[in-house]
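J.: Take a look at model_29.tsv, TSV, C-alpha atoms:
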```tsv
chain	number	residue	atom	x	y	z
A	875	MET	CA	17.86	-26.00	20.72
A	876	ALA	CA	14.21	-25.82	21.75
A	877	LYS	CA	13.94	-22.27	20.50
A	878	ARG	CA	15.44	-23.18	17.13
A	879	THR	CA	12.96	-26.03	16.81
A	880	ALA	CA	10.12	-23.58	17.45
A	881	VAL	CA	11.28	-21.43	14.57
A	882	LYS	CA	11.61	-24.47	12.32
A	883	ASP	CA	8.04	-25.43	13.14
A	884	ALA	CA	6.70	-21.95	12.28
A	885	PRO	CA	4.56	-23.24	9.35
A	886	LYS	CA	2.10	-24.56	11.91
A	887	ASP	CA	0.87	-20.94	11.95
A	888	GLY	CA	0.80	-20.84	8.17
A	889	ILE	CA	4.09	-18.96	7.82
A	890	ASN	CA	7.06	-20.37	5.93
A	891	PRO	CA	10.22	-19.35	7.85
A	892	LYS	CA	12.01	-18.63	4.56
A	893	GLN	CA	9.31	-16.27	3.29
A	894	PRO	CA	9.11	-12.51	4.04
A	895	CYS	CA	7.78	-11.81	7.51
A	896	PRO	CA	4.11	-10.71	7.41
A	897	CYS	CA	4.98	-7.73	9.62
A	898	GLY	CA	6.42	-5.96	6.59
A	899	SER	CA	9.99	-5.64	7.82
A	900	GLY	CA	11.40	-6.99	4.57
A	901	LYS	CA	13.26	-9.72	6.46
A	902	ARG	CA	12.59	-13.43	6.32
A	903	TYR	CA	10.21	-14.68	9.00
A	904	LYS	CA	12.94	-16.78	10.65
A	905	ALA	CA	15.10	-13.65	11.01
A	906	CYS	CA	12.28	-11.47	12.32
A	907	HIS	CA	9.17	-12.57	14.24
A	908	GLY	CA	10.24	-16.20	13.96
A	909	ALA	CA	13.72	-15.61	15.38
A	910	PRO	CA	14.67	-16.63	18.93
A	911	GLY	CA	14.15	-13.50	20.98
A	912	GLY	CA	12.56	-11.74	18.01
A	913	ALA	CA	9.45	-9.61	18.09
A	914	THR	CA	6.56	-11.44	19.71
A	915	ASP	CA	3.59	-9.11	19.24
A	916	VAL	CA	0.59	-10.25	17.24
A	917	ILE	CA	0.84	-9.72	13.48
A	918	VAL	CA	-2.09	-7.65	12.21
A	919	SER	CA	-2.76	-8.75	8.64
A	920	ARG	CA	-5.16	-5.88	7.85
A	921	PRO	CA	-3.70	-2.93	9.79
A	922	PHE	CA	-5.75	-0.14	8.17
A	923	GLU	CA	-9.15	-1.81	8.49
A	924	GLY	CA	-11.85	0.60	9.65
A	925	LEU	CA	-10.30	3.64	7.95
A	926	ALA	CA	-12.03	5.14	4.91
A	927	ALA	CA	-8.52	5.79	3.61
A	928	GLU	CA	-7.51	2.11	3.87
A	929	CYS	CA	-7.05	1.47	0.14
A	930	GLU	CA	-5.07	4.66	-0.45
A	931	LEU	CA	-2.82	3.91	2.53
A	932	ILE	CA	-2.06	0.46	1.12
A	933	ALA	CA	-1.19	1.95	-2.27
A	934	LEU	CA	1.08	4.55	-0.67
A	935	ARG	CA	2.72	1.90	1.46
A	936	GLU	CA	3.34	-0.60	-1.34
A	937	PHE	CA	3.87	0.95	-4.75
A	938	VAL	CA	3.43	4.72	-5.03
A	939	PRO	CA	6.96	6.19	-5.18
A	940	SER	CA	6.68	9.86	-4.22
A	941	ALA	CA	3.53	11.29	-2.65
A	942	ILE	CA	2.37	13.27	0.35
A	943	VAL	CA	-1.01	13.83	2.00
A	944	LYS	CA	-2.17	15.61	5.12
A	945	LEU	CA	-3.52	13.17	7.68
A	946	PRO	CA	-7.04	13.80	9.01
A	947	VAL	CA	-5.93	13.97	12.66
A	948	LYS	CA	-8.65	14.37	15.27
A	949	ASP	CA	-6.66	16.59	17.59
A	950	GLY	CA	-3.30	18.29	17.79
A	951	ARG	CA	-0.72	19.42	15.30
A	952	GLU	CA	-1.34	18.77	11.60
A	953	VAL	CA	1.02	16.10	10.20
A	954	THR	CA	1.83	15.17	6.61
A	955	LEU	CA	2.12	11.52	5.62
A	956	ALA	CA	4.85	10.78	3.07
A	957	THR	CA	5.63	7.64	1.11
A	958	VAL	CA	9.39	7.92	1.70
A	959	LEU	CA	11.46	10.30	3.84
A	960	PRO	CA	15.23	10.96	3.68
A	961	MET	CA	17.21	7.87	4.72
A	962	ALA	CA	13.87	6.04	5.14
A	963	ALA	CA	13.15	7.84	8.40
A	964	ALA	CA	9.95	7.08	10.29
A	965	GLY	CA	9.42	10.77	10.96
A	966	LEU	CA	11.04	14.18	10.77
A	967	ILE	CA	10.35	17.86	11.27
A	968	ARG	CA	11.45	19.69	8.14
A	969	GLY	CA	13.51	22.87	8.36
A	970	ASP	CA	10.38	25.00	7.88
A	971	ASP	CA	8.77	23.27	10.90
A	972	VAL	CA	6.48	21.02	8.80
A	973	PRO	CA	6.09	17.60	10.49
A	974	PHE	CA	6.20	14.42	8.39
A	975	VAL	CA	5.78	10.71	9.06
A	976	GLY	CA	7.03	8.08	6.60
A	977	LEU	CA	4.96	5.14	5.43
A	978	GLN	CA	7.46	3.02	3.51
A	979	VAL	CA	9.64	2.14	6.49
A	980	GLN	CA	11.02	-1.07	7.94
A	981	THR	CA	9.78	-2.23	11.30
A	982	ARG	CA	9.79	-5.33	13.45
A	983	SER	CA	6.36	-4.63	14.86
A	984	GLY	CA	3.42	-6.70	13.71
A	985	ASP	CA	1.03	-3.73	13.49
A	986	ILE	CA	1.84	-0.99	10.97
A	987	SER	CA	-1.13	1.07	12.20
A	988	ARG	CA	0.30	1.12	15.72
A	989	ASP	CA	3.76	2.07	14.48
A	990	LEU	CA	2.40	4.92	12.39
A	991	ALA	CA	0.39	6.13	15.35
A	992	ARG	CA	3.56	6.28	17.44
A	993	ALA	CA	5.36	8.18	14.69
A	994	LEU	CA	2.38	10.54	14.41
A	995	GLN	CA	2.39	11.21	18.15
A	996	TRP	CA	6.15	11.83	18.00
A	997	ALA	CA	5.75	14.29	15.09
A	998	GLN	CA	3.11	16.26	16.97
A	999	GLN	CA	5.57	16.89	19.81
A	1000	ALA	CA	8.97	17.04	18.07
A	1001	LYS	CA	10.94	20.19	17.23
A	1002	THR	CA	12.31	21.57	13.96
A	1003	GLY	CA	15.15	19.43	12.68
A	1004	ASP	CA	14.30	16.38	14.82
A	1005	VAL	CA	14.40	12.97	13.12
A	1006	LEU	CA	12.81	9.67	14.17
A	1007	PRO	CA	14.95	6.99	12.44
A	1008	VAL	CA	12.71	4.02	13.24
A	1009	VAL	CA	9.72	3.00	15.33
A	1010	GLY	CA	10.55	-0.11	17.35
A	1011	PRO	CA	8.24	-2.87	18.59
A	1012	ASP	CA	8.01	-1.66	22.21
A	1013	ALA	CA	4.81	0.35	22.48
A	1014	GLY	CA	3.90	-0.14	26.15
A	1015	GLU	CA	0.41	-0.97	27.37
A	1016	ASN	CA	-2.68	-0.18	25.28
A	1017	PRO	CA	-0.82	1.67	22.51
A	1018	ALA	CA	-2.78	3.95	20.18
A	1019	ARG	CA	-3.40	3.01	16.56
A	1020	LEU	CA	-4.16	5.21	13.56
A	1021	GLN	CA	-7.82	4.34	14.02
A	1022	ASP	CA	-7.66	6.09	17.42
A	1023	LEU	CA	-5.93	9.25	16.19
A	1024	LEU	CA	-7.55	9.88	12.79
A	1025	ASP	CA	-11.05	10.68	11.60
A	1026	THR	CA	-11.96	7.18	10.44
A	1027	ASP	CA	-14.60	8.48	8.01
A	1028	ALA	CA	-12.24	10.87	6.23
A	1029	ASP	CA	-10.82	9.83	2.88
A	1030	ILE	CA	-7.51	11.14	1.55
A	1031	THR	CA	-6.34	12.36	-1.85
A	1032	PRO	CA	-2.56	12.06	-2.14
A	1033	VAL	CA	-0.50	14.59	-4.07
A	1034	LEU	CA	1.96	12.76	-6.33
A	1035	HIS	CA	5.39	14.14	-7.26
A	1036	THR	CA	7.85	13.23	-10.00
A	1037	ASP	CA	10.80	13.50	-7.59
A	1038	PHE	CA	11.60	13.99	-3.90
A	1039	VAL	CA	12.49	17.68	-3.99
A	1040	TRP	CA	9.71	18.28	-1.47
A	1041	TRP	CA	12.02	16.71	1.15
A	1042	MET	CA	13.62	20.15	1.43
A	1043	PRO	CA	11.94	23.50	2.22
A	1044	GLU	CA	11.64	25.70	-0.85
A	1045	GLY	CA	14.92	27.43	-1.64
A	1046	THR	CA	17.01	24.98	0.39
A	1047	GLU	CA	19.73	22.85	-1.17
A	1048	PRO	CA	20.32	19.32	0.21
A	1049	THR	CA	23.77	18.39	1.51
A	1050	GLY	CA	25.62	15.35	2.85
A	1051	GLU	CA	23.65	12.14	3.42
A	1052	VAL	CA	20.35	13.83	2.56
A	1053	ALA	CA	21.71	14.83	-0.86
A	1054	LEU	CA	22.90	11.28	-1.54
A	1055	SER	CA	19.60	9.82	-0.34
A	1056	LEU	CA	17.71	12.28	-2.55
A	1057	GLU	CA	19.76	11.34	-5.60
A	1058	ARG	CA	19.20	7.62	-5.08
A	1059	ALA	CA	15.48	8.07	-4.44
A	1060	ASN	CA	14.95	10.21	-7.55
A	1061	ALA	CA	16.78	7.66	-9.70
A	1062	ALA	CA	14.45	4.86	-8.54
A	1063	ILE	CA	11.15	6.58	-9.33
A	1064	LEU	CA	8.88	5.05	-11.97
A	1065	PRO	CA	6.42	7.52	-13.57
A	1066	THR	CA	3.18	7.10	-11.64
A	1067	GLU	CA	-0.22	8.80	-11.80
A	1068	ARG	CA	-3.41	8.40	-9.82
A	1069	LEU	CA	-6.51	7.80	-11.95
A	1070	ASP	CA	-9.18	10.43	-11.42
A	1071	ALA	CA	-12.70	9.23	-12.25
A	1072	PRO	CA	-16.03	8.81	-10.43
A	1073	GLY	CA	-16.03	5.64	-8.36
A	1074	VAL	CA	-12.33	5.02	-8.97
A	1075	LYS	CA	-10.16	5.22	-5.85
A	1076	ALA	CA	-6.68	3.91	-5.07
A	1077	ALA	CA	-6.08	3.10	-8.76
A	1078	TYR	CA	-2.60	3.98	-10.02
A	1079	TRP	CA	-1.07	3.95	-13.49
A	1080	VAL	CA	2.67	3.26	-13.62
A	1081	ASP	CA	5.11	3.23	-16.52
A	1082	ALA	CA	7.42	0.27	-15.85
A	1083	GLY	CA	9.52	0.79	-18.98
A	1084	ASP	CA	8.56	-2.00	-21.36
A	1085	LYS	CA	4.87	-1.69	-20.50
A	1086	ALA	CA	2.51	0.25	-18.29
A	1087	HIS	CA	0.33	-1.17	-15.50
A	1088	LEU	CA	-2.79	-0.28	-13.57
A	1089	ARG	CA	-2.73	-1.31	-9.92
A	1090	TRP	CA	-6.09	-0.95	-8.20
A	1091	VAL	CA	-6.48	-1.60	-4.48
A	1092	ARG	CA	-10.00	-2.95	-3.99
A	1093	PRO	CA	-11.90	-2.56	-0.69
A	1094	GLU	CA	-13.97	-5.75	-0.98
A	1095	PRO	CA	-13.08	-8.95	0.91
A	1096	GLU	CA	-11.23	-11.36	-1.36
A	1097	GLU	CA	-13.89	-14.07	-1.00
A	1098	LYS	CA	-16.43	-11.68	-2.59
A	1099	LEU	CA	-14.15	-9.89	-5.03
A	1100	VAL	CA	-12.70	-12.96	-6.78
A	1101	PRO	CA	-16.08	-14.50	-7.74
A	1102	ALA	CA	-17.22	-11.12	-9.06
A	1103	MET	CA	-14.07	-10.81	-11.14
A	1104	ALA	CA	-14.62	-14.37	-12.36
A	1105	ARG	CA	-18.08	-13.43	-13.65
A	1106	LEU	CA	-16.50	-10.65	-15.71
A	1107	ALA	CA	-13.60	-12.82	-16.87
A	1108	ALA	CA	-15.98	-15.51	-18.14
A	1109	ARG	CA	-17.71	-12.85	-20.26
A	1110	GLY	CA	-14.43	-11.37	-21.48
A	1111	GLU	CA	-15.11	-8.14	-19.57
A	1112	LEU	CA	-12.27	-8.14	-17.05
A	1113	ASP	CA	-10.18	-5.60	-18.92
A	1114	LEU	CA	-10.13	-1.90	-19.76
A	1115	GLY	CA	-10.68	-2.29	-23.48
A	1116	GLU	CA	-8.23	-2.35	-26.36
A	1117	GLY	CA	-4.61	-2.21	-25.30
A	1118	SER	CA	-5.23	-3.77	-21.89
A	1119	ARG	CA	-4.95	-7.24	-20.39
A	1120	TYR	CA	-5.66	-8.54	-16.89
A	1121	ALA	CA	-2.28	-9.68	-15.55
A	1122	GLY	CA	-3.01	-11.02	-12.06
A	1123	SER	CA	-3.27	-9.72	-8.52
A	1124	PHE	CA	-1.40	-9.52	-5.26
A	1125	ARG	CA	-2.51	-9.36	-1.66
A	1126	ALA	CA	-1.32	-6.44	0.43
A	1127	HIS	CA	-2.27	-5.80	4.05
A	1128	GLY	CA	-5.45	-7.86	3.88
A	1129	LEU	CA	-6.83	-6.63	0.56
A	1130	LEU	CA	-6.49	-7.72	-3.05
A	1131	VAL	CA	-4.79	-5.53	-5.66
A	1132	PRO	CA	-5.71	-6.51	-9.25
A	1133	VAL	CA	-3.18	-5.53	-11.92
A	1134	TRP	CA	-3.66	-4.88	-15.63
A	1135	ASP	CA	-1.02	-4.57	-18.35
A	1136	LEU	CA	-1.61	-1.47	-20.45
A	1137	ASP	CA	-0.40	-0.03	-23.72
A	1138	ARG	CA	2.27	2.42	-22.55
A	1139	GLU	CA	1.79	4.58	-25.64
A	1140	MET	CA	-1.52	5.73	-24.15
A	1141	HIS	CA	-1.48	8.45	-21.49
A	1142	ALA	CA	-2.70	7.69	-17.98
A	1143	ARG	CA	-5.68	10.03	-18.47
A	1144	GLU	CA	-6.94	7.82	-21.29
A	1145	TRP	CA	-7.54	4.96	-18.85
A	1146	ALA	CA	-9.75	6.92	-16.45
A	1147	ASP	CA	-13.04	6.37	-18.32
A	1148	PRO	CA	-12.35	2.65	-19.01
A	1149	ALA	CA	-11.53	2.19	-15.32
A	1150	GLU	CA	-14.80	3.87	-14.36
A	1151	ALA	CA	-16.70	1.54	-16.69
A	1152	LEU	CA	-14.90	-1.51	-15.33
A	1153	GLY	CA	-15.68	-0.38	-11.79
A	1154	LYS	CA	-19.39	-0.23	-12.61
A	1155	ARG	CA	-19.31	-3.72	-14.16
A	1156	LEU	CA	-17.51	-5.02	-11.09
A	1157	LEU	CA	-20.08	-3.50	-8.71
A	1158	GLU	CA	-22.88	-5.15	-10.69
A	1159	ALA	CA	-21.08	-8.50	-10.49
A	1160	LEU	CA	-20.53	-8.05	-6.76
A	1161	ALA	CA	-24.27	-7.53	-6.29
A	1162	SER	CA	-25.13	-10.86	-7.92
A	1163	ASP	CA	-25.98	-13.76	-5.61
A	1164	GLU	CA	-26.40	-16.32	-8.39
A	1165	PRO	CA	-24.19	-19.44	-8.14
A	1166	LEU	CA	-21.17	-19.38	-10.43
A	1167	SER	CA	-21.57	-21.22	-13.70
A	1168	ASP	CA	-19.06	-23.85	-14.83
A	1169	ALA	CA	-17.29	-21.26	-16.99
A	1170	GLU	CA	-17.20	-18.78	-14.12
A	1171	ARG	CA	-15.78	-21.38	-11.72
A	1172	ARG	CA	-13.03	-22.16	-14.22
A	1173	ALA	CA	-12.35	-18.44	-14.53
A	1174	ARG	CA	-12.24	-18.13	-10.72
A	1175	ASP	CA	-9.68	-20.94	-10.48
A	1176	GLY	CA	-7.60	-19.24	-13.15
A	1177	LEU	CA	-7.69	-15.94	-11.25
A	1178	ARG	CA	-6.61	-17.63	-8.04
A	1179	GLY	CA	-3.67	-19.19	-9.86
A	1180	ARG	CA	-2.35	-15.70	-10.61
A	1181	GLN	CA	-2.30	-14.36	-7.06
A	1182	ILE	CA	0.67	-13.66	-4.81
A	1183	THR	CA	0.98	-12.21	-1.32
A	1184	LEU	CA	3.24	-9.25	-0.59
A	1185	ARG	CA	2.24	-8.78	3.06
```
Give the structure from the file, written as structure tokens.
T.:
Amino acid sequence: MAKRTAVKDAPKDGINPKQPCPCGSGKRYKACHGAPGGATDVIVSRPFEGLAAECELIALREFVPSAIVKLPVKDGREVTLATVLPMAAAGLIRGDDVPFVGLQVQTRSGDISRDLARALQWAQQAKTGDVLPVVGPDAGENPARLQDLLDTDADITPVLHTDFVWWMPEGTEPTGEVALSLERANAAILPTERLDAPGVKAAYWVDAGDKAHLRWVRPEPEEKLVPAMARLAARGELDLGEGSRYAGSFRAHGLLVPVWDLDREMHAREWADPAEALGKRLLEALASDEPLSDAERRARDGLRGRQITLR
């Protein structure tokens, strides 16, 4: 009974036992890290901190459907990071001997960076056709993290795909469970494009059907970003021009991701210049050290009221 009471009292650490576990497993806290005998390692709320690619990794982890990018490994075999692999595997060596690690995977560990590092180390040693279904929480003493294995100063530019055909080597037809997994994955894809403009990184346009959205992972700490956004909102400048509206934001892996509703009749390319202009306005607002005015404080409170936490 004592163990059950400990789980019930989990909110003392700021975690509601009925909410998703912060480790990213997709399970409720009480069924994951809060469960009797569950994982006990420390939950790292900002697992990609210290990597120049942090914002892109968060986007690939949370909302980009089909994309790949070569990881800037310091030493050893080159490995490709993928958003999703067949049957949500943590890693695999494709039939043409190309090693992959998956980012959108379930895990009971509290540190996604550590889990990815283990998958990366596995992929560098595995053989053609090998599959790593999942990375568990047991990492031994002093486990490596991505920050130890990658060039921390290297940024990444993901290659987006409209389907998951890249799961298979060119000229190879999928069969069995892989074919079924491929069919399901392709059916779930929402059209997504990465905005390409100076100063615009980790900003993705997505067509959600009834409307389009821009999701932009920002690198600034939330306590600095929100006041800067409030300055723009108070001036009516927190948008991308006609056909756009600031919708709210969500927190993912320690950073804030603002979201805008967009006119879906406009192509993704048409939002690149407005995003660049908004980015410049935001940088100017971030540089200001003036106290917020009454209107800006009201705008800040309104922005905070439209925030949710995914991880």
J.: Considering all atoms listed in the file, return as a PyMOL selection string whatever protein or nucleic-acid residues lie within 6 Å of Ala1121 (chain A), sequence-local ones (same chain, fewer than 4 positions apart) excluded.
T.: chain A and resi 1133-1135
J.: Which of these, A:Ala1169, A:Val943, A:Ala1076, A:Ala962, has the shortest distance to Glu1051 (chain A) once you count only C-alpha atoms?
T.: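 Comparing A:Ala1169, A:Val943, A:Ala1076, A:Ala962 against Glu1051 (chain A), the winner is A:Ala962.
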J.: As an exercise, work out the distance from CA of Trp1145 (chain A) to CA of Leu1099 (chain A) in Å and give it to one decimal place.
T.: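 Separating CA of Trp1145 (chain A) from CA of Leu1099 (chain A) is a distance of 21.3 Å.
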J.: Determine, counting all atoms listed in the file, which protein, DNA and RNA residues have an atom within 9 Å of an atom of Val916 (chain A); residues of the same chain fewer than 4 positions away are not included. Present the result as a list in words.
T.: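 With the cut-off at 9 Å, the set is Ser983, Gly984 and Asp985 of chain A.
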J.: So what do you get for CA of Glu1057 (chain A) versus CA of Phe937 (chain A), distance-wise?
T.: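 Value for the CA of Glu1057 (chain A)-CA of Phe937 (chain A) distance: 19.0 Å.
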J.: At a cut-off of 9 Å, using only C-alpha atoms, what residues contact Leu1152 (chain A)? Leave out same-chain residues fewer than 5 positions from it and give the result as a ChimeraX atom specification.
T.: /A:1111-1114,1147,1157
J.: Counting all atoms listed in the file, figure out which residue out of A:Asp1137, A:Asp1004, A:Asp1175, A:Glu952 gets nearest to Ala1082 (chain A).
T.: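 When distances to Ala1082 (chain A) are compared using all atoms listed in the file, the smallest one comes from A:Asp1137.
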J.: Nearest residue to Pro1048 (chain A) out of A:Gly969, A:Trp1090, A:Thr1031, A:Ala997, using all atoms listed in the file?
T.: A:Gly969
J.: Calculated over all atoms listed in the file, which of the candidates A:Lys1075, A:Arg902, A:Arg1143, A:Arg1174 has the smallest distance to Glu1096 (chain A)?
T.: A:Arg1174
J.: When you draw a straight line from CA of Val953 (chain A) to CA of Leu1130 (chain A), how long is it in Å?
T.: 28.3 Å
J.: So, counting only C-alpha atoms, which residue among A:Gly1045, A:Gly1010, A:Pro946, A:Pro939 is closest to Leu925 (chain A)?
T.: A:Pro946
J.: Find the residues near Ala956 (chain A): any atom within 12 Å, counting all atoms listed in the file, skip ones fewer than 6 places away on the same chain, and give them as a ChimeraX atom specification.
T.: /A:931,933-935,938-945,962-966,972-979,990,993-994,1032-1035,1038,1040-1041
J.: Could the centre and edge lengths of an axis-aligned box, enclosing all atoms of region 1119-1127 of chain A in the file with 5 Å extra on each side, be given in Å to one decimal as AutoDock Vina command-line options?
T.:
```
--center_x -3.5 --center_y -8.4 --center_z -8.2 --size_x 14.3 --size_y 15.2 --size_z 34.4
```
J.: Would you pick out the contacts of Val918 (chain A) at 10 Å or less, using all atoms listed in the file, so that residues sharing its chain but fewer than 2 positions from it are not included, and give the list as number ranges by chain?
T.: A: 896-897, 915-916, 920-923, 983-988, 1127-1128
J.: Could you save those same residues with C-alpha atoms as a JSON list (two decimals), in the frame of the given file?
T.:
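Output below, filename out-v4.json:
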```json
[["chain", "number", "residue", "atom", "x", "y", "z"],
["A", 896, "PRO", "CA", 4.11, -10.71, 7.41],
["A", 897, "CYS", "CA", 4.98, -7.73, 9.62],
["A", 915, "ASP", "CA", 3.59, -9.11, 19.24],
["A", 916, "VAL", "CA", 0.59, -10.25, 17.24],
["A", 920, "ARG", "CA", -5.16, -5.88, 7.85],
["A", 921, "PRO", "CA", -3.70, -2.93, 9.79],
["A", 922, "PHE", "CA", -5.75, -0.14, 8.17],
["A", 923, "GLU", "CA", -9.15, -1.81, 8.49],
["A", 983, "SER", "CA", 6.36, -4.63, 14.86],
["A", 984, "GLY", "CA", 3.42, -6.70, 13.71],
["A", 985, "ASP", "CA", 1.03, -3.73, 13.49],
["A", 986, "ILE", "CA", 1.84, -0.99, 10.97],
["A", 987, "SER", "CA", -1.13, 1.07, 12.20],
["A", 988, "ARG", "CA", 0.30, 1.12, 15.72],
["A", 1127, "HIS", "CA", -2.27, -5.80, 4.05],
["A", 1128, "GLY", "CA", -5.45, -7.86, 3.88]]
```
J.: Find the residue from A:Tyr1078, A:Arg992, A:Glu936, A:Gly1073 that sits nearest to Arg1155 (chain A); use only C-alpha atoms when measuring.
T.: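 Comparing A:Tyr1078, A:Arg992, A:Glu936, A:Gly1073 against Arg1155 (chain A), the winner is A:Gly1073.
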